[in-house]
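Asks: Here you go, one structure.
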Amino acid sequence: MKSIHDINFSMKTAFVRVDFNVPFDKAGQISDNSRIVAALPTIKHIISKGGACVLASHLGRPTGRSKDLSLSKLVPELEKLLQTKVLFSDDCVGEKTEKECSGLNPGQIILLENLRFYKEETKADEGFAKKLSRLADIYVNDAYGTTHREHASTATMAKFFEYKCPGILLENEIKSLQKLMNNPERPVTSIIGGAKVSSKISVIANMLDVVDNLIIGGGMAYTFIKNNGGSIGDSIFESDRLEDCSKIISLAKEKNVNIFLPDDVVASNEFSNSSLKKTLKINEIPDGWQGLDIGPSSAIKFDKIIKQSKTVLWNGPMGVFEMSSFEKGTLAVAKSVAETTKNGAFSLIGGGDSVAAIKKFNLQNNVSFISTGGGAMLESLEGKTLPGIKALT
Ligand code: AMP
């Protein structure tokens with residue numbers, strides 16, 4: 001795979017697939033611009049090397065043209081962040097758009113209309129991909145969040161270009177994952193949390209080939225505890241996943257991976273921030289009570305393991321961190337990860353909820369790398385080759 005630094009952008013136009021699928025507040029203002037900010041290094045690099053940029057993204061899940069999901073709404077924010085004029089094409093393919101793109105001078109930037117206004121985009125339609133490819137000389141993919149999707153702009157169109165590469169953001173994502181998956185500094189600890197075993201079972205199974213320690217917290221821990229014969233009261237639990245838990249435990253033994261489950265929990269008599277709370281042993285939760293966070297001894301146990309690690313992956317919160325009564329376990333793990341990073345370990349945080357948690361606790365600058373891809377990150381950790389990355393090789 002070529003690096004962006006190996007490509008000569010001078011007097012050339014680059015099609016840059018970005019992820020500008022940003023959230024809006026009720027007043028129609030962008031409520032979080034981090035996806036736009038994340039793409040700036042690539043855009044600035046191409047411009048500084050004498051190229052022009054055609055920016056393309058999807059926004060939401062339109063079923064046809066819709067004013068609400070027009071990317072034109074992003075132009076003022078892009079202009080503010082880039083401190084330069086940004087042109088807009090009210091389509092993403094066709095004669096008019098082709099003319100607008102071929103007329104770009106070095107240093108100019110044009111944003112295309114929402115790619116998903118065409119159903120051909122998500123269908124990975126060859127003809128549509130070919131039309132997109134007519135807009136530029138070089139293909140750059142910087143949208144890690146959509147690399148697990150085989151769409152026209154994220155995968156299919158790459159084959160029509162001689163020169164193609166990942167953008168700076170995507171290159172950093174690939175490098176961080178390689179640092180974890182290929183020859184990581186040991187010990188390697190993976191902290192997996194979140195609501196369900198079912199959504200992360202393939203990740204856990206694949207990570208057993210990589211890690212020395214596996215910490216399991218959050219809602220998914222209760223299925224493991226139940227499988228071990230514990231009483232979990234009304235805690236979240238997947239009865240059809242008990243066998244998977246047994247398999248993971250025996251596979252871990254075979255591969256010499258230490259599994260750590262919580263010993264205690266903060267349980268509540270209701271799923272509410274203001275309900276009664278008590279700290280209980282995780283395998284002695286009475287009916288009518290549910291575990292909503294890991295308890296203090298578990299946080300201390302996990303801290304020791306995290307601090308001994310040289311490489312740490314964290315995906316998924318330890319409890320219902322969105323409620324202040326049940327955020328302490330996730331906060332403790334976030335602090336342990338930050339501390340071990342300060343002491344020289346490499347830490348990689350991924351998945352929407354752990355990223356939201358680390359931002360909530362304002363520790364986002366105290367870890368090595370925060371991944372921008374939820375589903376893409378999970379599929380990478382499952383060991384899958386992502387279509388958007390494969391298309392660049
Ligand atoms: P996931 O998307 O699978 O990573 O799950 C994240 C969600 O799991 C968060 O919204 C948490 O509130 C939720 N969660 C974590 N621990 C628990 C728990 N013990 N009981 C119920 N939900 C939980």
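So you can find residues: chains in the structure tokens are A, B, ... in the order shown, residues in each start at 1, and ligands are numbered from 1 in order.
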Taking only C-alpha atoms and all ligand atoms into account, which residues are within 8 Å of ligand 1, as a PyMOL selection string?

Replies: chain A and resi 193-197+199-200+217-222+235-236+290-294+315-323+351-354

Asks: For Arg149 (chain A), find every residue with an atom within 10 Å (counting only C-alpha atoms), except residues of its own chain fewer than 4 positions away, and show them as a CSV table (one decimal) with all heavy atoms, in the first residue's frame.

Replies:
chain,number,residue,atom,x,y,z
A,122,THR,N,-24.4,2.7,-1.9
A,122,THR,CA,-24.3,1.6,-0.9
A,122,THR,C,-24.4,0.2,-1.6
A,122,THR,O,-24.1,-0.8,-1.0
A,122,THR,CB,-25.4,1.7,0.2
A,122,THR,OG1,-26.7,1.9,-0.5
A,122,THR,CG2,-25.2,2.9,1.1
A,124,ALA,N,-22.5,-0.5,-4.1
A,124,ALA,CA,-21.2,-0.7,-4.6
A,124,ALA,C,-21.3,-0.8,-6.2
A,124,ALA,O,-20.6,-1.6,-6.8
A,124,ALA,CB,-20.5,-1.9,-4.0
A,144,TYR,N,-12.0,6.1,7.8
A,144,TYR,CA,-11.9,4.8,8.5
A,144,TYR,C,-13.2,4.3,9.0
A,144,TYR,O,-13.5,3.1,8.8
A,144,TYR,CB,-11.0,5.0,9.7
A,144,TYR,CG,-10.8,3.7,10.4
A,144,TYR,CD1,-10.2,2.5,9.8
A,144,TYR,CD2,-11.1,3.5,11.8
A,144,TYR,CE1,-10.1,1.3,10.4
A,144,TYR,CE2,-11.0,2.3,12.4
A,144,TYR,CZ,-10.5,1.2,11.8
A,144,TYR,OH,-10.3,0.0,12.4
A,145,GLY,N,-14.1,5.2,9.4
A,145,GLY,CA,-15.4,4.8,10.0
A,145,GLY,C,-16.3,4.0,9.0
A,145,GLY,O,-17.2,3.3,9.3
A,153,SER,N,-17.9,4.4,-3.2
A,153,SER,CA,-16.9,5.4,-2.9
A,153,SER,C,-15.8,4.9,-1.9
A,153,SER,O,-14.7,5.5,-1.8
A,153,SER,CB,-17.5,6.7,-2.3
A,153,SER,OG,-18.0,6.5,-1.0
A,154,THR,N,-16.1,3.9,-1.1
A,154,THR,CA,-15.2,3.4,-0.1
A,154,THR,C,-14.3,2.3,-0.6
A,154,THR,O,-13.3,2.0,0.0
A,154,THR,CB,-15.9,3.0,1.2
A,154,THR,OG1,-16.8,1.9,0.9
A,154,THR,CG2,-16.7,4.1,1.8
A,155,ALA,N,-14.8,1.6,-1.6
A,155,ALA,CA,-14.0,0.4,-2.1
A,155,ALA,C,-14.0,0.3,-3.6
A,155,ALA,O,-13.0,0.4,-4.3
A,155,ALA,CB,-14.6,-0.8,-1.5
A,375,GLY,N,-17.7,0.4,14.2
A,375,GLY,CA,-17.9,-0.9,13.5
A,375,GLY,C,-16.6,-1.4,12.8
A,375,GLY,O,-16.2,-2.5,12.8
A,376,ALA,N,-15.9,-0.4,12.2
A,376,ALA,CA,-14.7,-0.7,11.4
A,376,ALA,C,-13.6,-1.3,12.4
A,376,ALA,O,-12.9,-2.2,12.1
A,376,ALA,CB,-14.2,0.5,10.7
A,386,LEU,N,-10.7,-5.3,5.9
A,386,LEU,CA,-11.8,-4.4,5.6
A,386,LEU,C,-11.8,-4.0,4.1
A,386,LEU,O,-10.7,-3.7,3.5
A,386,LEU,CB,-11.7,-3.1,6.4
A,386,LEU,CG,-11.5,-3.3,7.9
A,386,LEU,CD1,-11.6,-2.0,8.7
A,386,LEU,CD2,-12.6,-4.2,8.5
A,387,PRO,N,-12.9,-4.1,3.4
A,387,PRO,CA,-12.9,-3.8,2.0
A,387,PRO,C,-12.3,-2.5,1.6
A,387,PRO,O,-11.6,-2.4,0.6
A,387,PRO,CB,-14.4,-3.8,1.6
A,387,PRO,CG,-15.2,-4.3,2.8
A,387,PRO,CD,-14.2,-4.4,4.0
A,388,GLY,N,-12.5,-1.5,2.4
A,388,GLY,CA,-11.9,-0.1,2.1
A,388,GLY,C,-10.4,-0.1,2.1
A,388,GLY,O,-9.8,0.7,1.4

Asks: Compare A:Asp244, A:Glu339, A:Glu254, A:Asp142 by their minimum atom-to-atom distance to Asp19 (chain A), counting only C-alpha atoms, and give me the closest one.

Replies: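 Closest to Asp19 (chain A), using only C-alpha atoms: A:Asp142.
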
Asks: What parts of region 168-293 of chain A does DSSP call helix (DSSP H, G or I)? I'd like the answer as a PyMOL selection string.

Replies: chain A and resi 168-181+201-207+221-227+239-254

Asks: Separation of CA of Phe361 (chain A) and CA of Pro41 (chain A), in Å?

Replies: 26.0 Å

Asks: Based on the backbone DSSP call, show me all residues of region 117-315 of chain A assigned strand (DSSP E), as a PyMOL selection string.

Replies: chain A and resi 138-141+163-166+188-192+213-216+231-232+258-260+264-268+277-281+284-285+290-294+311-315

Asks: Mind writing the picked residues with N, CA and C atoms as a CSV table (one decimal), in the first residue's frame?

Replies:
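Written out: out-v1.csv:
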chain,number,residue,atom,x,y,z
A,138,ILE,N,-6.3,11.1,-8.6
A,138,ILE,CA,-5.8,10.3,-7.5
A,138,ILE,C,-6.9,10.0,-6.5
A,139,TYR,N,-6.9,8.8,-5.9
A,139,TYR,CA,-7.9,8.4,-5.0
A,139,TYR,C,-7.3,8.3,-3.6
A,140,VAL,N,-7.9,9.0,-2.6
A,140,VAL,CA,-7.4,9.0,-1.2
A,140,VAL,C,-8.6,8.6,-0.4
A,141,ASN,N,-8.5,7.6,0.5
A,141,ASN,CA,-9.6,7.2,1.4
A,141,ASN,C,-9.1,7.6,2.8
A,163,TYR,N,-3.0,5.7,-9.0
A,163,TYR,CA,-2.5,6.2,-7.7
A,163,TYR,C,-3.6,6.3,-6.7
A,164,LYS,N,-3.4,5.6,-5.6
A,164,LYS,CA,-4.4,5.5,-4.5
A,164,LYS,C,-3.7,5.3,-3.2
A,165,CYS,N,-4.2,5.8,-2.1
A,165,CYS,CA,-3.6,5.7,-0.8
A,165,CYS,C,-4.5,6.0,0.3
A,166,PRO,N,-4.2,5.6,1.5
A,166,PRO,CA,-5.0,6.0,2.6
A,166,PRO,C,-4.6,7.5,3.0
A,188,VAL,N,0.3,-7.7,26.8
A,188,VAL,CA,-0.8,-7.1,26.1
A,188,VAL,C,-2.1,-7.3,26.9
A,189,THR,N,-2.8,-6.3,27.2
A,189,THR,CA,-4.1,-6.4,27.9
A,189,THR,C,-5.2,-5.9,27.1
A,190,SER,N,-6.3,-6.6,27.0
A,190,SER,CA,-7.4,-6.1,26.3
A,190,SER,C,-8.6,-6.0,27.3
A,191,ILE,N,-9.1,-4.8,27.4
A,191,ILE,CA,-10.3,-4.6,28.3
A,191,ILE,C,-11.5,-4.5,27.4
A,192,ILE,N,-12.4,-5.4,27.6
A,192,ILE,CA,-13.6,-5.5,26.8
A,192,ILE,C,-14.8,-5.3,27.7
A,213,ASN,N,-3.6,-10.8,28.7
A,213,ASN,CA,-4.7,-10.7,29.7
A,213,ASN,C,-5.9,-10.2,29.0
A,214,LEU,N,-7.0,-10.7,29.4
A,214,LEU,CA,-8.3,-10.2,28.9
A,214,LEU,C,-9.2,-9.8,30.1
A,215,ILE,N,-9.5,-8.6,30.2
A,215,ILE,CA,-10.4,-8.1,31.3
A,215,ILE,C,-11.8,-8.0,30.7
A,216,ILE,N,-12.7,-8.6,31.3
A,216,ILE,CA,-14.1,-8.5,30.8
A,216,ILE,C,-15.0,-7.7,31.9
A,231,SER,N,-25.0,-16.2,41.0
A,231,SER,CA,-26.3,-15.6,41.0
A,231,SER,C,-26.2,-14.1,40.6
A,232,ILE,N,-26.8,-13.8,39.5
A,232,ILE,CA,-26.7,-12.4,39.0
A,232,ILE,C,-27.9,-11.6,39.2
A,258,ASN,N,-4.8,-15.0,30.5
A,258,ASN,CA,-5.5,-14.8,31.8
A,258,ASN,C,-6.8,-14.1,31.6
A,259,ILE,N,-7.9,-14.6,32.0
A,259,ILE,CA,-9.2,-13.9,32.0
A,259,ILE,C,-9.5,-13.3,33.3
A,260,PHE,N,-9.8,-12.0,33.4
A,260,PHE,CA,-10.2,-11.4,34.6
A,260,PHE,C,-11.6,-10.8,34.6
A,264,ASP,N,-16.7,-7.7,42.3
A,264,ASP,CA,-17.8,-7.0,43.0
A,264,ASP,C,-18.5,-6.0,42.0
A,265,VAL,N,-19.7,-5.6,42.4
A,265,VAL,CA,-20.4,-4.7,41.5
A,265,VAL,C,-21.2,-3.7,42.3
A,266,VAL,N,-21.5,-2.5,41.6
A,266,VAL,CA,-22.5,-1.6,42.2
A,266,VAL,C,-23.8,-2.0,41.6
A,267,ALA,N,-24.7,-2.5,42.5
A,267,ALA,CA,-26.0,-3.0,42.0
A,267,ALA,C,-27.1,-2.0,42.4
A,268,SER,N,-28.2,-2.1,41.7
A,268,SER,CA,-29.3,-1.2,42.0
A,268,SER,C,-30.6,-1.9,41.9
A,277,LYS,N,-28.6,1.9,45.8
A,277,LYS,CA,-27.4,1.3,45.3
A,277,LYS,C,-26.7,0.5,46.5
A,278,LYS,N,-26.1,-0.6,46.1
A,278,LYS,CA,-25.2,-1.2,47.1
A,278,LYS,C,-24.2,-2.0,46.4
A,279,THR,N,-23.0,-2.2,47.1
A,279,THR,CA,-21.9,-2.9,46.5
A,279,THR,C,-22.1,-4.4,46.9
A,280,LEU,N,-22.1,-5.3,45.9
A,280,LEU,CA,-22.3,-6.7,46.2
A,280,LEU,C,-21.2,-7.5,45.5
A,281,LYS,N,-21.1,-8.8,46.0
A,281,LYS,CA,-20.2,-9.7,45.3
A,281,LYS,C,-20.9,-10.0,44.0
A,284,GLU,N,-23.2,-13.0,43.9
A,284,GLU,CA,-24.3,-13.1,45.0
A,284,GLU,C,-25.3,-11.9,44.8
A,285,ILE,N,-25.7,-11.7,43.6
A,285,ILE,CA,-26.7,-10.6,43.5
A,285,ILE,C,-28.1,-11.2,43.6
A,290,GLN,N,-29.8,-5.4,40.1
A,290,GLN,CA,-29.0,-5.6,38.9
A,290,GLN,C,-27.7,-4.9,39.0
A,291,GLY,N,-26.6,-5.5,38.5
A,291,GLY,CA,-25.3,-4.9,38.5
A,291,GLY,C,-25.2,-3.9,37.4
A,292,LEU,N,-24.8,-2.6,37.8
A,292,LEU,CA,-24.8,-1.6,36.7
A,292,LEU,C,-23.4,-1.0,36.6
A,293,ASP,N,-22.5,-1.4,37.5
A,293,ASP,CA,-21.1,-0.9,37.4
A,293,ASP,C,-20.2,-2.0,38.1
A,294,ILE,N,-18.9,-1.9,37.7
A,294,ILE,CA,-18.0,-2.8,38.5
A,294,ILE,C,-17.7,-2.1,39.9
A,311,THR,N,1.0,-2.8,26.3
A,311,THR,CA,0.1,-2.5,25.3
A,311,THR,C,-1.3,-2.8,25.8
A,312,VAL,N,-2.2,-1.8,25.6
A,312,VAL,CA,-3.5,-1.9,26.1
A,312,VAL,C,-4.6,-1.5,25.0
A,313,LEU,N,-5.5,-2.4,24.9
A,313,LEU,CA,-6.7,-2.1,24.0
A,313,LEU,C,-7.9,-2.0,24.9
A,314,TRP,N,-8.7,-0.9,24.7
A,314,TRP,CA,-9.9,-0.8,25.5
A,314,TRP,C,-11.1,-0.5,24.6
A,315,ASN,N,-12.1,-1.4,24.7
A,315,ASN,CA,-13.3,-1.3,23.9
A,315,ASN,C,-14.5,-1.6,24.8

Asks: Could you state the separation of CA of Ile36 (chain A) and CA of Lys342 (chain A) in Å, given to one decimal place?

Replies: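 Pair CA of Ile36 (chain A) / CA of Lys342 (chain A) returns 28.1 Å.
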
Asks: For each of A:Ala356, A:Ala143, A:Ala129, A:Leu115, take the minimum atom-to-atom distance to Arg35 (chain A), counting only C-alpha atoms, then give the residue where this is smallest.

Replies: A:Ala143

Asks: Within 10 Å of Lys73 (chain A), counting only C-alpha atoms, which residues show up once you throw out same-chain ones fewer than 4 positions away? Write them as a PDB file with N, CA and C atoms, in the first residue's frame, please.

Replies:
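The file below, around_6.pdb, is the result:
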ATOM      1  N   GLY A  28     -30.166  22.765  14.142  1.00  0.00           N
ATOM      2  CA  GLY A  28     -29.561  22.532  12.829  1.00  0.00           C
ATOM      3  C   GLY A  28     -28.075  22.868  12.776  1.00  0.00           C
ATOM      4  N   GLN A  29     -27.467  23.086  13.949  1.00  0.00           N
ATOM      5  CA  GLN A  29     -26.027  23.392  13.990  1.00  0.00           C
ATOM      6  C   GLN A  29     -25.236  22.096  14.225  1.00  0.00           C
ATOM      7  N   ILE A  30     -24.021  22.028  13.678  1.00  0.00           N
ATOM      8  CA  ILE A  30     -23.173  20.852  13.890  1.00  0.00           C
ATOM      9  C   ILE A  30     -22.854  20.767  15.388  1.00  0.00           C
ATOM     10  N   LYS A  67     -33.113  17.883   1.585  1.00  0.00           N
ATOM     11  CA  LYS A  67     -32.455  19.139   1.945  1.00  0.00           C
ATOM     12  C   LYS A  67     -31.771  19.008   3.311  1.00  0.00           C
ATOM     13  N   ASP A  68     -32.439  18.293   4.194  1.00  0.00           N
ATOM     14  CA  ASP A  68     -31.924  18.120   5.558  1.00  0.00           C
ATOM     15  C   ASP A  68     -30.572  17.425   5.591  1.00  0.00           C
ATOM     16  N   LEU A  69     -30.359  16.541   4.617  1.00  0.00           N
ATOM     17  CA  LEU A  69     -29.113  15.770   4.621  1.00  0.00           C
ATOM     18  C   LEU A  69     -28.156  16.239   3.519  1.00  0.00           C
ATOM     19  N   GLU A  77     -18.618  25.535   8.102  1.00  0.00           N
ATOM     20  CA  GLU A  77     -17.716  24.969   9.122  1.00  0.00           C
ATOM     21  C   GLU A  77     -16.361  24.614   8.500  1.00  0.00           C
ATOM     22  N   LEU A  78     -16.407  24.022   7.291  1.00  0.00           N
ATOM     23  CA  LEU A  78     -15.164  23.659   6.601  1.00  0.00           C
ATOM     24  C   LEU A  78     -14.345  24.907   6.280  1.00  0.00           C
TER      25      LEU A  78
END

Asks: List the spatial neighbours of Lys304 (chain A) as a PyMOL selection string - criterion: any atom at most 12 Å away, only C-alpha atoms, same-chain residues fewer than 2 positions off excluded.

Replies: chain A and resi 189+213+215+260+297-302+306-309+332-333+335-337+339-340

Asks: For the selection just defined, write its residues with N, CA, C and O atoms to a file, as a compact mmCIF listing (two decimals), in the first residue's frame.

Replies:
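Writing the result to selection_14.txt gives the following:
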# COMPACT_ATOMS: atom_id res chain seq x y z
N THR A 189 -2.81 -6.27 27.20
CA THR A 189 -4.09 -6.44 27.90
C THR A 189 -5.21 -5.85 27.09
O THR A 189 -5.10 -4.72 26.60
N ASN A 213 -3.59 -10.83 28.67
CA ASN A 213 -4.66 -10.67 29.66
C ASN A 213 -5.92 -10.16 28.99
O ASN A 213 -5.85 -9.27 28.14
N ILE A 215 -9.50 -8.56 30.19
CA ILE A 215 -10.38 -8.07 31.26
C ILE A 215 -11.77 -7.96 30.67
O ILE A 215 -11.96 -7.32 29.62
N PHE A 260 -9.80 -12.00 33.38
CA PHE A 260 -10.16 -11.36 34.65
C PHE A 260 -11.60 -10.84 34.56
O PHE A 260 -11.93 -10.05 33.68
N SER A 297 -13.31 -3.08 44.46
CA SER A 297 -12.21 -4.07 44.46
C SER A 297 -11.88 -4.50 43.04
O SER A 297 -10.71 -4.74 42.72
N SER A 298 -12.90 -4.58 42.19
CA SER A 298 -12.62 -4.95 40.79
C SER A 298 -11.78 -3.86 40.13
O SER A 298 -10.85 -4.17 39.36
N ALA A 299 -12.10 -2.61 40.43
CA ALA A 299 -11.34 -1.49 39.83
C ALA A 299 -9.88 -1.58 40.24
O ALA A 299 -8.97 -1.36 39.43
N ILE A 300 -9.63 -1.97 41.51
CA ILE A 300 -8.24 -2.08 41.99
C ILE A 300 -7.55 -3.26 41.30
O ILE A 300 -6.40 -3.16 40.85
N LYS A 301 -8.28 -4.37 41.20
CA LYS A 301 -7.71 -5.57 40.54
C LYS A 301 -7.35 -5.25 39.08
O LYS A 301 -6.25 -5.56 38.61
N PHE A 302 -8.27 -4.58 38.36
CA PHE A 302 -8.03 -4.26 36.94
C PHE A 302 -6.88 -3.25 36.80
O PHE A 302 -6.07 -3.33 35.89
N ILE A 306 -3.65 -3.52 34.34
CA ILE A 306 -3.46 -2.49 33.30
C ILE A 306 -2.09 -1.82 33.48
O ILE A 306 -1.35 -1.61 32.51
N LYS A 307 -1.72 -1.56 34.73
CA LYS A 307 -0.44 -0.87 34.99
C LYS A 307 0.78 -1.74 34.68
O LYS A 307 1.86 -1.24 34.44
N GLN A 308 0.59 -3.07 34.68
CA GLN A 308 1.72 -3.96 34.35
C GLN A 308 1.85 -4.13 32.83
O GLN A 308 2.78 -4.77 32.36
N SER A 309 0.91 -3.59 32.07
CA SER A 309 0.87 -3.87 30.63
C SER A 309 1.69 -2.86 29.83
O SER A 309 1.83 -1.71 30.22
N ALA A 332 -12.46 4.72 36.64
CA ALA A 332 -11.26 4.11 37.21
C ALA A 332 -10.42 3.45 36.12
O ALA A 332 -9.19 3.63 36.07
N VAL A 333 -11.07 2.74 35.21
CA VAL A 333 -10.33 2.08 34.12
C VAL A 333 -9.71 3.13 33.21
O VAL A 333 -8.56 3.00 32.79
N LYS A 335 -8.71 6.06 34.03
CA LYS A 335 -7.54 6.62 34.73
C LYS A 335 -6.37 5.64 34.70
O LYS A 335 -5.22 6.05 34.51
N SER A 336 -6.65 4.35 34.87
CA SER A 336 -5.58 3.34 34.83
C SER A 336 -4.92 3.33 33.45
O SER A 336 -3.70 3.24 33.33
N VAL A 337 -5.75 3.43 32.41
CA VAL A 337 -5.21 3.41 31.04
C VAL A 337 -4.35 4.66 30.81
O VAL A 337 -3.24 4.60 30.25
N GLU A 339 -2.80 6.42 33.06
CA GLU A 339 -1.59 6.31 33.91
C GLU A 339 -0.54 5.40 33.25
O GLU A 339 0.63 5.74 33.17
N THR A 340 -0.99 4.25 32.75
CA THR A 340 -0.04 3.31 32.14
C THR A 340 0.52 3.89 30.84
O THR A 340 1.67 3.63 30.48

Asks: Have a look at A:Gly373, A:Gly94, A:Gly295, A:Gly350 and name the one nearest to Ser133 (chain A); count only C-alpha atoms.

Replies: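 Of all the options, A:Gly94 lies closest to Ser133 (chain A).
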
Asks: Leaving out Glu98 (chain A) and any residue of its chain fewer than 2 positions from it, which residues lie within 9 Å of it when counting only C-alpha atoms, given as a PyMOL selection string?

Replies: chain A and resi 92-96+100-103+131-132+134-136

Asks: What's the separation between CA of Val54 (chain A) and CA of Leu177 (chain A), in Å to one decimal place?

Replies: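 Computing it gives 27.9 Å between the two atoms.
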
Asks: Compile the contact shell of Lys12 (chain A) as a short mmCIF file (atom, residue, chain, number, x, y, z; two decimals) with all heavy atoms, in the first residue's frame: residues with an atom at most 6 Å away, counting only C-alpha atoms, same-chain residues fewer than 2 positions apart removed.

Replies:
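Result file selection08.cif:
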data_model
loop_
_atom_site.label_atom_id
_atom_site.label_comp_id
_atom_site.auth_asym_id
_atom_site.auth_seq_id
_atom_site.Cartn_x
_atom_site.Cartn_y
_atom_site.Cartn_z
N PHE A 9 1.22 15.12 -5.61
CA PHE A 9 -0.10 15.74 -5.82
C PHE A 9 -0.02 17.01 -6.67
O PHE A 9 -1.05 17.61 -6.96
CB PHE A 9 -0.74 16.07 -4.46
CG PHE A 9 -1.21 14.85 -3.70
CD1 PHE A 9 -0.39 14.25 -2.75
CD2 PHE A 9 -2.45 14.30 -3.95
CE1 PHE A 9 -0.81 13.12 -2.06
CE2 PHE A 9 -2.89 13.17 -3.27
CZ PHE A 9 -2.06 12.58 -2.32
N SER A 10 1.19 17.41 -7.03
CA SER A 10 1.36 18.68 -7.72
C SER A 10 0.56 18.73 -9.04
O SER A 10 0.69 17.83 -9.88
CB SER A 10 2.85 18.90 -8.00
OG SER A 10 3.00 20.07 -8.75
N GLY A 51 -1.83 20.27 -4.88
CA GLY A 51 -2.97 19.57 -5.46
C GLY A 51 -4.29 20.29 -5.20
O GLY A 51 -4.34 21.30 -4.50
#
